[in-house]
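To start, the structure under review is shown below, and the notes come after it.
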2 protein chains.
Amino acid sequence: MTNKSPARTPRITIREVASDAGVSVAAVSKVLRDAYGVSDALRAKVQASMDKLNYRPLASARGLRGRTYTLGLVFPDLRNPFFADIFAGVNSALERTRYQAMQGVSVSASSLVEAMIDRQMDGLVLIGPNETNERLNDIADRVPLVAIGHHDLEDARFDTVNNDDQLGGRLAVRHLCQNGHKKIAMLSLAAPVSTVINQRELGYRLELTEQGLGGSINIVRAPQVLREVQLILRRLLEGKDRPDAIFCWTDLMAFEAISVATELGLSIPEDIAIVGYDNTVFCEFSQNRLTSIDQSGEVLGLQATRLLIERIDGRSHSEHFVVTPRVVARASSAKVS
Amino acid sequence: MTNKSPARTPRITIREVASDAGVSVAAVSKVLRDAYGVSDALRAKVQASMDKLNYRPLASARGLRGRTYTLGLVFPDLRNPFFADIFAGVNSALERTRYQAMQGVSVSASSLVEAMIDRQMDGLVLIGPNETNERLNDIADRVPLVAIGHHDLEDARFDTVNNDDQLGGRLAVRHLCQNGHKKIAMLSLAAPVSTVINQRELGYRLELTEQGLGGSINIVRAPQVLREVQLILRRLLEGKDRPDAIFCWTDLMAFEAISVATELGLSIPEDIAIVGYDNTVFCEFSQNRLTSIDQSGEVLGLQATRLLIERIDGRSHSEHFVVTPRVVARASSAKVS
DNA sequence: GCAAAAATGTAGAACGCTACACGTAGAACA
DNA sequence: TGTTCTACGTGTAGCGTTCTACATTTTTGC
């Protein structure tokens, strides 16, 4: 059946390079890996042949013995532009290395992670993983691992890179309080309990309490589904005890909040102030003007990659990097007199 | 140096499965590939051992002889939520297959494509590639290839999946005309000339001419950079000969247009109507209410994947799939009396 | 000028699979 | 009964690298 497709141009192999350069295969391999014991003369000769023949080592073959020089990134979804920031950071960290990043997308990292391990990724970066430490440790036992957005550090055999989500929650609330808001609700995530969300909720709670507004704590949770979020927001905004501000766990939700509020004829920030999280590019648009907590996705991506490569290179103790979030104030939460 | 990280749990190999099941390695391999010549009894025995040992074939090793069951997707960027739709289509096509998709992101596909070929992807889907047919054919000679968003079919040795971008451009203009707009500008892409953009521009031109408005053809081109787009939009909207509608080559640009127009105190659609392309989720939000041309990203992704797998399975003639776009009308281009 | 050490290069055995080439046994056919 | 098929298993040679030994040459130290 499935006859091999027509005459694919065959690849140049290390053997051909070796023979062209008049050296052994081992020598070429050494040059490739800049291993010890190569004279400048030999290196030059081999380089010349590689360039001439346009040789590229085959990752599968390398993987069978050593590294594939491939890192796997696991994103929970592709719709949130925040992940583009993280990705930019990863790329800039990879710039002068021989590593390449390959992405996968999956809400439940599980099967994708296995697929990546099957494909000999040298290391994995999991972004916002909904996994227990036990499960993550299990993965970390098989491949170098860094998690971005995971706050349970107990007994972690992997690295983490986080922004201080609790502080982020606090900052959002503090900012809203400073601008005169008293009834601050939080729109949080329902379905998969994540340590990130927990921390943001905790920050929200603590700050509200410290501001003497502990009585008005009001967390509503919605799944990621557009329709559901709309419904819940509508209920929140139409209820008789309407809040005067909403802190949304991500910009995407905040945009939805703006949408629903606008639709209900409420004006922002006079009737309802809104604060998001991530400070994505869309916040800047005049139709949104969304105040947001910036967690420097680019830094997160960069640091995660740095840590991962360190791990691949042999570090065995865990490191945990934390970024301090900051408020980027825009009209959606401006002071109302 | 770089001592191998601490005691990674070693992988189960085909040999161990074979010995556990009491059969030859070749037999296990046959089961794995459901090759010809396996009795039900043997298959069952092997399956049992594989399950028991939790065996997973190593893609690198497979790749050295046969397939890796990995498809590579190349996205031009990650910020545009439209690509999430395409991805959803790819995933649904992959559902009941043994293939896995890995994504990469790169404006100039070139080096990423090489990296993917190095990594033995069984086939590639290039989304909105900025490459000549010559270059694409060169790739296609080395790996099964499908391009999404590429209109030059001449002598193409790869498959393509497109929406009819020329019709899309026509539809946008026709819709605006029907709603009473006369001076319709088009915001197009500057830097990388792409066949997609060309077609949309052509559709814009042709339709405008047919509507008897050929004299008002006005195409302004901006690069993908946010700042530049703003500048150019501002110039367009502040000029003395302001258009009464803008057709933007992608929703993202349209959102920017909404932003700039709003900032300038113009109201939409009264002062300026706006139409986008892609019909991304954000169009629906009340702060945007953006009329957009829907090109069914999900269908594009699904068909591309289907074609790619056919190619991998041996088809050697090219196929070209076309989706018909449609207008999704919203407030941003409503009729003004 | 000589031994020891350092530098440079090579052979060749893996790595975990696939797939070709066979071997064997029972069924079908004449 | 002998011959030819067909179905089912197995042995094993690679695939393109890496990397450990080891051999050879050059440099260093005195």
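Every chain in the structure tokens takes a letter, A first, then B, and so on in the order presented; its residues are numbered from 1, and the ligands are numbered from 1 following the presented order.
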Could you write out chain B as a CSV table (one decimal) with C-alpha atoms, in the first residue's frame once it has been least-squares superposed on chain A using every ordered C-alpha pair?
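Written output follows (selection_33.csv):
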```csv
chain,number,residue,atom,x,y,z
B,1,MET,CA,0.0,0.2,0.3
B,2,THR,CA,1.2,3.6,1.2
B,3,ASN,CA,4.1,3.7,-1.2
B,4,LYS,CA,6.8,6.1,-0.1
B,5,SER,CA,6.2,9.4,-1.8
B,6,PRO,CA,8.1,10.2,-4.9
B,7,ALA,CA,11.9,10.5,-4.8
B,8,ARG,CA,12.7,12.7,-1.8
B,9,THR,CA,16.1,14.2,-2.1
B,10,PRO,CA,18.2,12.1,0.3
B,11,ARG,CA,19.9,13.8,3.2
B,12,ILE,CA,23.6,14.4,3.6
B,13,THR,CA,24.9,12.3,6.4
B,14,ILE,CA,27.9,12.6,8.8
B,15,ARG,CA,29.6,9.9,6.8
B,16,GLU,CA,29.6,11.9,3.6
B,17,VAL,CA,31.0,14.9,5.4
B,18,ALA,CA,33.7,12.7,6.9
B,19,SER,CA,34.7,11.3,3.6
B,20,ASP,CA,34.6,14.7,1.9
B,21,ALA,CA,36.8,16.2,4.6
B,22,GLY,CA,39.0,13.1,4.6
B,23,VAL,CA,38.6,12.4,8.3
B,24,SER,CA,36.8,9.9,10.4
B,25,VAL,CA,33.1,10.1,11.3
B,26,ALA,CA,34.1,10.4,15.0
B,27,ALA,CA,36.1,13.5,14.2
B,28,VAL,CA,33.1,15.1,12.5
B,29,SER,CA,31.0,14.3,15.5
B,30,LYS,CA,33.5,15.9,17.8
B,31,VAL,CA,33.4,19.1,15.8
B,32,LEU,CA,29.6,19.0,15.8
B,33,ARG,CA,29.5,18.8,19.6
B,34,ASP,CA,32.6,20.8,20.1
B,35,ALA,CA,34.0,18.0,22.1
B,36,TYR,CA,37.6,17.9,23.4
B,37,GLY,CA,40.5,17.0,21.3
B,38,VAL,CA,40.0,18.8,17.9
B,39,SER,CA,42.8,20.8,16.3
B,40,ASP,CA,42.0,24.0,14.6
B,41,ALA,CA,43.1,22.6,11.3
B,42,LEU,CA,40.7,19.7,11.6
B,43,ARG,CA,37.9,21.8,12.7
B,44,ALA,CA,38.3,24.1,9.8
B,45,LYS,CA,38.5,21.2,7.3
B,46,VAL,CA,35.3,19.7,8.7
B,47,GLN,CA,33.5,23.0,8.9
B,48,ALA,CA,34.3,23.7,5.2
B,49,SER,CA,32.9,20.3,4.2
B,50,MET,CA,29.8,20.8,6.2
B,51,ASP,CA,29.2,24.2,4.7
B,52,LYS,CA,30.0,22.9,1.2
B,53,LEU,CA,27.6,20.0,1.5
B,54,ASN,CA,25.1,21.9,3.5
B,55,TYR,CA,25.1,19.3,6.1
B,56,ARG,CA,22.6,19.3,9.0
B,57,PRO,CA,22.7,16.7,11.7
B,58,LEU,CA,19.5,14.7,12.1
B,59,ALA,CA,17.9,15.2,15.5
B,60,SER,CA,16.4,11.8,15.7
B,61,ALA,CA,19.8,10.1,15.3
B,62,ARG,CA,21.4,12.4,17.8
B,63,GLY,CA,18.5,11.8,20.2
B,64,LEU,CA,19.1,8.1,20.2
B,65,ARG,CA,22.5,8.7,21.8
B,66,GLY,CA,22.6,12.2,23.2
B,67,ARG,CA,20.5,15.4,22.9
B,68,THR,CA,18.1,16.6,20.3
B,69,TYR,CA,18.6,20.2,21.1
B,70,THR,CA,14.9,20.6,21.2
B,71,LEU,CA,12.9,22.2,24.0
B,72,GLY,CA,9.2,21.6,24.4
B,73,LEU,CA,6.8,24.4,25.5
B,74,VAL,CA,3.3,23.4,26.6
B,75,PHE,CA,0.7,26.1,26.4
B,76,PRO,CA,-2.7,25.7,28.0
B,77,ASP,CA,-4.4,27.6,25.1
B,78,LEU,CA,-3.6,29.7,22.1
B,79,ARG,CA,-6.2,32.4,22.4
B,80,ASN,CA,-4.7,34.4,25.1
B,81,PRO,CA,-2.2,36.8,23.6
B,82,PHE,CA,-0.3,36.8,26.9
B,83,PHE,CA,1.4,33.6,25.9
B,84,ALA,CA,2.9,35.3,22.9
B,85,ASP,CA,4.9,37.4,25.4
B,86,ILE,CA,6.2,34.4,27.2
B,87,PHE,CA,7.1,32.9,23.9
B,88,ALA,CA,9.0,36.0,22.9
B,89,GLY,CA,11.1,35.7,26.1
B,90,VAL,CA,11.8,32.0,25.3
B,91,ASN,CA,13.0,32.9,21.9
B,92,SER,CA,15.3,35.7,23.0
B,93,ALA,CA,16.8,33.3,25.5
B,94,LEU,CA,17.4,30.8,22.8
B,95,GLU,CA,18.9,33.2,20.4
B,96,ARG,CA,22.6,32.3,20.6
B,97,THR,CA,22.1,28.7,21.6
B,98,ARG,CA,21.7,25.6,19.4
B,99,TYR,CA,18.4,24.8,20.9
B,100,GLN,CA,15.0,25.0,19.2
B,101,ALA,CA,11.7,25.4,20.8
B,102,MET,CA,8.6,23.4,19.7
B,103,GLN,CA,5.2,24.3,21.1
B,104,GLY,CA,2.2,22.2,21.9
B,105,VAL,CA,-1.1,23.2,23.2
B,106,SER,CA,-3.3,21.3,25.6
B,107,VAL,CA,-5.4,22.1,28.6
B,108,SER,CA,-4.5,18.9,30.3
B,109,ALA,CA,-0.8,18.7,29.8
B,110,SER,CA,-0.6,15.0,30.5
B,111,SER,CA,-0.8,13.4,27.1
B,112,LEU,CA,1.0,16.1,25.3
B,113,VAL,CA,3.9,15.9,27.8
B,114,GLU,CA,4.1,12.2,27.1
B,115,ALA,CA,4.2,12.9,23.4
B,116,MET,CA,7.0,15.3,23.9
B,117,ILE,CA,9.0,12.9,26.0
B,118,ASP,CA,8.5,10.3,23.3
B,119,ARG,CA,9.9,12.8,20.9
B,120,GLN,CA,13.1,13.2,23.0
B,121,MET,CA,12.7,16.8,24.0
B,122,ASP,CA,15.8,17.7,26.0
B,123,GLY,CA,13.6,19.7,28.4
B,124,LEU,CA,10.1,20.9,29.0
B,125,VAL,CA,8.5,24.2,30.0
B,126,LEU,CA,5.0,23.9,31.2
B,127,ILE,CA,3.0,27.0,31.3
B,128,GLY,CA,0.2,27.2,33.8
B,129,PRO,CA,0.1,23.5,34.3
B,130,ASN,CA,-2.9,22.0,36.1
B,131,GLU,CA,-1.0,19.2,37.7
B,132,THR,CA,-0.2,18.1,41.1
B,133,ASN,CA,3.3,18.2,42.4
B,134,GLU,CA,3.3,14.5,42.4
B,135,ARG,CA,2.6,14.4,38.8
B,136,LEU,CA,5.1,17.1,38.0
B,137,ASN,CA,7.7,15.3,40.0
B,138,ASP,CA,7.0,12.2,38.0
B,139,ILE,CA,7.6,14.1,34.8
B,140,ALA,CA,10.7,15.8,36.3
B,141,ASP,CA,12.1,12.3,37.0
B,142,ARG,CA,12.1,11.7,33.3
B,143,VAL,CA,13.0,15.0,31.7
B,144,PRO,CA,14.4,18.4,32.9
B,145,LEU,CA,11.3,20.5,33.8
B,146,VAL,CA,10.4,24.1,34.5
B,147,ALA,CA,6.9,25.2,35.3
B,148,ILE,CA,5.7,28.7,34.7
B,149,GLY,CA,2.8,29.6,36.9
B,150,HIS,CA,2.8,27.0,39.6
B,151,HIS,CA,3.1,27.9,43.2
B,152,ASP,CA,3.4,24.7,45.1
B,153,LEU,CA,7.1,24.5,45.8
B,154,GLU,CA,6.9,21.8,48.4
B,155,ASP,CA,9.3,19.0,47.6
B,156,ALA,CA,9.4,20.1,44.0
B,157,ARG,CA,12.1,18.4,41.9
B,158,PHE,CA,11.6,20.9,39.1
B,159,ASP,CA,12.2,24.6,38.7
B,160,THR,CA,9.5,27.2,38.8
B,161,VAL,CA,9.1,30.7,37.4
B,162,ASN,CA,6.3,32.8,38.7
B,163,ASN,CA,5.1,36.3,39.2
B,164,ASP,CA,4.0,36.9,42.8
B,165,ASP,CA,0.3,36.2,42.1
B,166,GLN,CA,-0.7,36.9,45.7
B,167,LEU,CA,0.9,40.4,45.5
B,168,GLY,CA,-0.8,40.8,42.1
B,169,GLY,CA,-4.2,40.2,43.7
B,170,ARG,CA,-3.3,42.6,46.5
B,171,LEU,CA,-2.1,45.3,44.0
B,172,ALA,CA,-5.3,45.1,42.1
B,173,VAL,CA,-7.5,45.5,45.1
B,174,ARG,CA,-5.3,48.2,46.6
B,175,HIS,CA,-5.4,50.1,43.4
B,176,LEU,CA,-9.2,49.9,43.3
B,177,CYS,CA,-9.5,51.0,46.9
B,178,GLN,CA,-7.2,53.9,46.3
B,179,ASN,CA,-9.5,55.0,43.5
B,180,GLY,CA,-12.5,54.9,45.8
B,181,HIS,CA,-14.1,51.6,45.1
B,182,LYS,CA,-15.7,49.7,48.0
B,183,LYS,CA,-17.5,46.7,46.6
B,184,ILE,CA,-14.9,44.9,44.7
B,185,ALA,CA,-15.8,41.5,43.3
B,186,MET,CA,-13.4,39.0,41.8
B,187,LEU,CA,-14.1,37.0,38.7
B,188,SER,CA,-12.1,33.9,39.1
B,189,LEU,CA,-11.7,30.6,37.3
B,190,ALA,CA,-14.0,27.7,38.1
B,191,ALA,CA,-13.0,24.4,36.7
B,192,PRO,CA,-9.4,23.5,37.1
B,193,VAL,CA,-8.1,24.6,40.5
B,194,SER,CA,-4.8,26.1,40.0
B,195,THR,CA,-2.2,27.4,42.4
B,196,VAL,CA,-2.0,30.6,40.4
B,197,ILE,CA,-5.7,31.3,40.8
B,198,ASN,CA,-5.5,30.4,44.5
B,199,GLN,CA,-2.8,32.9,45.1
B,200,ARG,CA,-4.6,35.7,43.3
B,201,GLU,CA,-7.8,34.9,45.2
B,202,LEU,CA,-5.8,34.9,48.5
B,203,GLY,CA,-4.2,38.2,47.7
B,204,TYR,CA,-7.6,39.6,46.9
B,205,ARG,CA,-9.0,38.3,50.2
B,206,LEU,CA,-6.1,39.5,52.3
B,207,GLU,CA,-5.9,42.9,50.9
B,208,LEU,CA,-9.6,43.5,51.1
B,209,THR,CA,-9.6,42.4,54.7
B,210,GLU,CA,-6.6,44.7,55.5
B,211,GLN,CA,-8.5,47.6,53.8
B,212,GLY,CA,-11.3,47.0,56.2
B,213,LEU,CA,-13.6,45.7,53.5
B,214,GLY,CA,-13.5,42.0,54.5
B,215,GLY,CA,-17.2,42.0,54.6
B,216,SER,CA,-17.6,42.6,50.9
B,217,ILE,CA,-15.5,39.7,49.7
B,218,ASN,CA,-17.2,38.3,46.7
B,219,ILE,CA,-15.6,35.7,44.4
B,220,VAL,CA,-17.5,34.4,41.5
B,221,ARG,CA,-16.1,31.6,39.5
B,222,ALA,CA,-16.6,30.9,35.8
B,223,PRO,CA,-15.2,28.2,33.5
B,224,GLN,CA,-13.2,29.3,30.5
B,225,VAL,CA,-16.2,29.0,28.2
B,226,LEU,CA,-17.3,32.3,26.7
B,227,ARG,CA,-21.0,31.7,27.1
B,228,GLU,CA,-20.8,30.7,30.7
B,229,VAL,CA,-18.6,33.7,31.6
B,230,GLN,CA,-21.2,36.0,30.0
B,231,LEU,CA,-24.0,34.5,31.9
B,232,ILE,CA,-22.2,34.7,35.2
B,233,LEU,CA,-21.2,38.3,34.5
B,234,ARG,CA,-24.7,39.3,33.5
B,235,ARG,CA,-26.0,37.8,36.7
B,236,LEU,CA,-23.4,39.6,38.8
B,237,LEU,CA,-24.0,43.0,37.1
B,238,GLU,CA,-27.8,42.7,37.1
B,239,GLY,CA,-28.2,41.5,40.7
B,240,LYS,CA,-29.5,44.0,43.2
B,241,ASP,CA,-26.2,44.2,45.0
B,242,ARG,CA,-24.0,45.1,42.1
B,243,PRO,CA,-20.3,45.6,42.9
B,244,ASP,CA,-18.7,48.8,41.8
B,245,ALA,CA,-15.5,47.1,40.6
B,246,ILE,CA,-14.5,43.7,39.3
B,247,PHE,CA,-11.0,42.2,39.4
B,248,CYS,CA,-10.7,39.6,36.6
B,249,TRP,CA,-8.2,36.9,36.8
B,250,THR,CA,-7.1,37.5,33.2
B,251,ASP,CA,-7.4,40.2,30.6
B,252,LEU,CA,-9.5,38.0,28.4
B,253,MET,CA,-12.1,37.8,31.1
B,254,ALA,CA,-11.8,41.5,31.7
B,255,PHE,CA,-12.6,42.2,28.0
B,256,GLU,CA,-15.6,40.0,28.4
B,257,ALA,CA,-16.6,42.0,31.5
B,258,ILE,CA,-16.2,45.2,29.6
B,259,SER,CA,-18.4,43.7,26.8
B,260,VAL,CA,-21.2,42.6,29.1
B,261,ALA,CA,-21.1,45.8,31.1
B,262,THR,CA,-21.3,47.9,28.0
B,263,GLU,CA,-24.1,45.8,26.7
B,264,LEU,CA,-26.0,46.4,29.9
B,265,GLY,CA,-25.6,50.1,29.5
B,266,LEU,CA,-23.2,50.5,32.4
B,267,SER,CA,-20.4,52.9,31.9
B,268,ILE,CA,-16.8,52.2,32.9
B,269,PRO,CA,-15.4,53.1,35.3
B,270,GLU,CA,-18.3,55.2,36.6
B,271,ASP,CA,-20.8,52.4,37.2
B,272,ILE,CA,-18.3,49.6,37.3
B,273,ALA,CA,-14.5,49.6,37.3
B,274,ILE,CA,-12.6,46.7,35.8
B,275,VAL,CA,-9.1,45.5,36.3
B,276,GLY,CA,-7.5,42.6,34.4
B,277,TYR,CA,-4.3,40.6,34.7
B,278,ASP,CA,-1.4,40.1,32.2
B,279,ASN,CA,-1.3,43.6,30.6
B,280,THR,CA,-1.7,42.2,27.1
B,281,VAL,CA,-1.5,44.4,24.1
B,282,PHE,CA,-5.2,44.8,23.8
B,283,CYS,CA,-5.4,46.6,27.1
B,284,GLU,CA,-4.0,49.7,25.4
B,285,PHE,CA,-6.8,50.0,22.8
B,286,SER,CA,-9.2,52.9,23.4
B,287,GLN,CA,-12.2,50.6,23.3
B,288,ASN,CA,-10.8,48.8,26.3
B,289,ARG,CA,-8.4,51.1,28.2
B,290,LEU,CA,-8.0,48.3,30.6
B,291,THR,CA,-6.1,48.6,33.9
B,292,SER,CA,-4.1,45.4,34.3
B,293,ILE,CA,-1.5,43.8,36.4
B,294,ASP,CA,1.7,43.3,34.4
B,295,GLN,CA,3.6,40.2,35.1
B,296,SER,CA,6.2,40.6,32.4
B,297,GLY,CA,5.5,37.5,30.3
B,298,GLU,CA,8.8,38.1,28.4
B,299,VAL,CA,10.8,37.9,31.6
B,300,LEU,CA,9.0,34.7,32.7
B,301,GLY,CA,9.7,33.1,29.4
B,302,LEU,CA,13.3,34.1,29.4
B,303,GLN,CA,14.1,33.0,32.9
B,304,ALA,CA,12.3,29.7,32.4
B,305,THR,CA,14.4,29.0,29.4
B,306,ARG,CA,17.6,29.9,31.2
B,307,LEU,CA,16.7,27.7,34.1
B,308,LEU,CA,15.8,24.8,31.8
B,309,ILE,CA,19.1,24.9,30.0
B,310,GLU,CA,20.9,25.0,33.3
B,311,ARG,CA,19.0,21.9,34.3
B,312,ILE,CA,19.8,20.1,31.1
B,313,ASP,CA,23.4,20.9,31.7
B,314,GLY,CA,23.3,19.1,35.0
B,315,ARG,CA,22.0,21.2,37.8
B,316,SER,CA,20.0,19.0,40.1
B,317,HIS,CA,18.7,21.3,42.9
B,318,SER,CA,15.6,23.3,42.3
B,319,GLU,CA,15.5,27.0,41.7
B,320,HIS,CA,12.5,29.2,41.9
B,321,PHE,CA,12.4,32.6,40.2
B,322,VAL,CA,9.8,35.2,41.1
B,323,VAL,CA,8.8,38.4,39.2
B,324,THR,CA,7.2,41.3,41.0
B,325,PRO,CA,4.0,42.3,39.3
B,326,ARG,CA,2.9,46.0,38.9
B,327,VAL,CA,-0.2,47.9,38.2
B,328,VAL,CA,-0.6,49.5,34.9
B,329,ALA,CA,-3.4,51.9,35.4
B,330,ARG,CA,-5.7,52.9,32.6
B,331,ALA,CA,-9.2,54.4,32.3
B,332,SER,CA,-11.1,51.3,33.2
B,333,SER,CA,-10.4,51.8,36.9
B,334,ALA,CA,-10.0,55.6,37.0
B,335,LYS,CA,-11.0,57.5,40.1
B,336,VAL,CA,-14.7,58.6,40.1
B,337,SER,CA,-15.6,61.6,42.1
```
Could you give me, as a list in words, the residues within 10 Å of DA5 in chain C, counting only C-alpha atoms (C1' of nucleotides) and dropping anything in the same chain fewer than 5 positions from it?
DT27, DT28 and DG29 of chain D
Can you write just those residues out, N, CA, C and O atoms (P, O5', C5', C4', C3', O3' and C1' of nucleotides), as an mmCIF file, in the first residue's frame?
```cif
data_model
loop_
_atom_site.group_PDB
_atom_site.id
_atom_site.type_symbol
_atom_site.label_atom_id
_atom_site.label_comp_id
_atom_site.auth_asym_id
_atom_site.auth_seq_id
_atom_site.Cartn_x
_atom_site.Cartn_y
_atom_site.Cartn_z
ATOM 1 P P DT D 27 54.138 20.909 18.704
ATOM 2 O "O5'" DT D 27 54.104 20.947 20.295
ATOM 3 C "C5'" DT D 27 52.850 21.072 20.957
ATOM 4 C "C4'" DT D 27 53.060 20.921 22.449
ATOM 5 C "C3'" DT D 27 54.098 21.876 23.031
ATOM 6 O "O3'" DT D 27 53.461 22.633 24.045
ATOM 7 C "C1'" DT D 27 54.450 19.653 23.796
ATOM 8 P P DT D 28 54.302 23.761 24.840
ATOM 9 O "O5'" DT D 28 54.718 22.958 26.147
ATOM 10 C "C5'" DT D 28 53.709 22.267 26.882
ATOM 11 C "C4'" DT D 28 54.353 21.579 28.070
ATOM 12 C "C3'" DT D 28 55.345 22.459 28.831
ATOM 13 O "O3'" DT D 28 54.962 22.471 30.201
ATOM 14 C "C1'" DT D 28 56.310 20.341 28.307
ATOM 15 P P DG D 29 55.703 23.435 31.234
ATOM 16 O "O5'" DG D 29 56.663 22.413 32.000
ATOM 17 C "C5'" DG D 29 56.132 21.143 32.412
ATOM 18 C "C4'" DG D 29 57.236 20.371 33.107
ATOM 19 C "C3'" DG D 29 58.223 21.256 33.877
ATOM 20 O "O3'" DG D 29 58.577 20.588 35.096
ATOM 21 C "C1'" DG D 29 59.394 20.038 32.215
#
```
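Computed from the coordinates, the C1' of DA7 in chain C to C1' of DT26 in chain D distance equals 7.1 Å.
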Using DSSP on the backbone coordinates, identify the residues of range 131-174 of chain A assigned to alpha helix (DSSP H); present them as a PyMOL selection string.
chain A and resi 133-140+165-174
Would you mind exporting C-alpha atoms of the selected residues as a CSV table (one decimal), in the first residue's frame?
```
chain,number,residue,atom,x,y,z
A,133,ASN,CA,3.3,18.1,42.5
A,134,GLU,CA,3.3,14.4,42.5
A,135,ARG,CA,2.5,14.2,38.8
A,136,LEU,CA,5.0,17.0,38.0
A,137,ASN,CA,7.7,15.2,40.0
A,138,ASP,CA,7.0,12.1,38.1
A,139,ILE,CA,7.6,14.0,34.9
A,140,ALA,CA,10.7,15.7,36.3
A,165,ASP,CA,0.3,36.2,42.1
A,166,GLN,CA,-0.7,36.9,45.7
A,167,LEU,CA,0.9,40.3,45.5
A,168,GLY,CA,-0.7,40.8,42.1
A,169,GLY,CA,-4.1,40.2,43.7
A,170,ARG,CA,-3.2,42.6,46.4
A,171,LEU,CA,-2.1,45.3,44.0
A,172,ALA,CA,-5.3,45.1,42.0
A,173,VAL,CA,-7.4,45.5,45.1
A,174,ARG,CA,-5.2,48.2,46.6
```
Quick one: which residues from chain C are at most 8 Å off chain A, using only C-alpha atoms (C1' of nucleotides), as a PyMOL selection string?
chain C and resi 7-10+15-16
So which residues of range 125-301 of chain A fall under strand (DSSP E or B) by DSSP, listed as an MDAnalysis selection string?
chainID A and resid 125:127 145:148 159:163 184:189 218:222 245:248 273:277 291:294
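When C1' of DT25 in chain D is paired with C1' of DA14 in chain C, their separation reads 28.6 Å.
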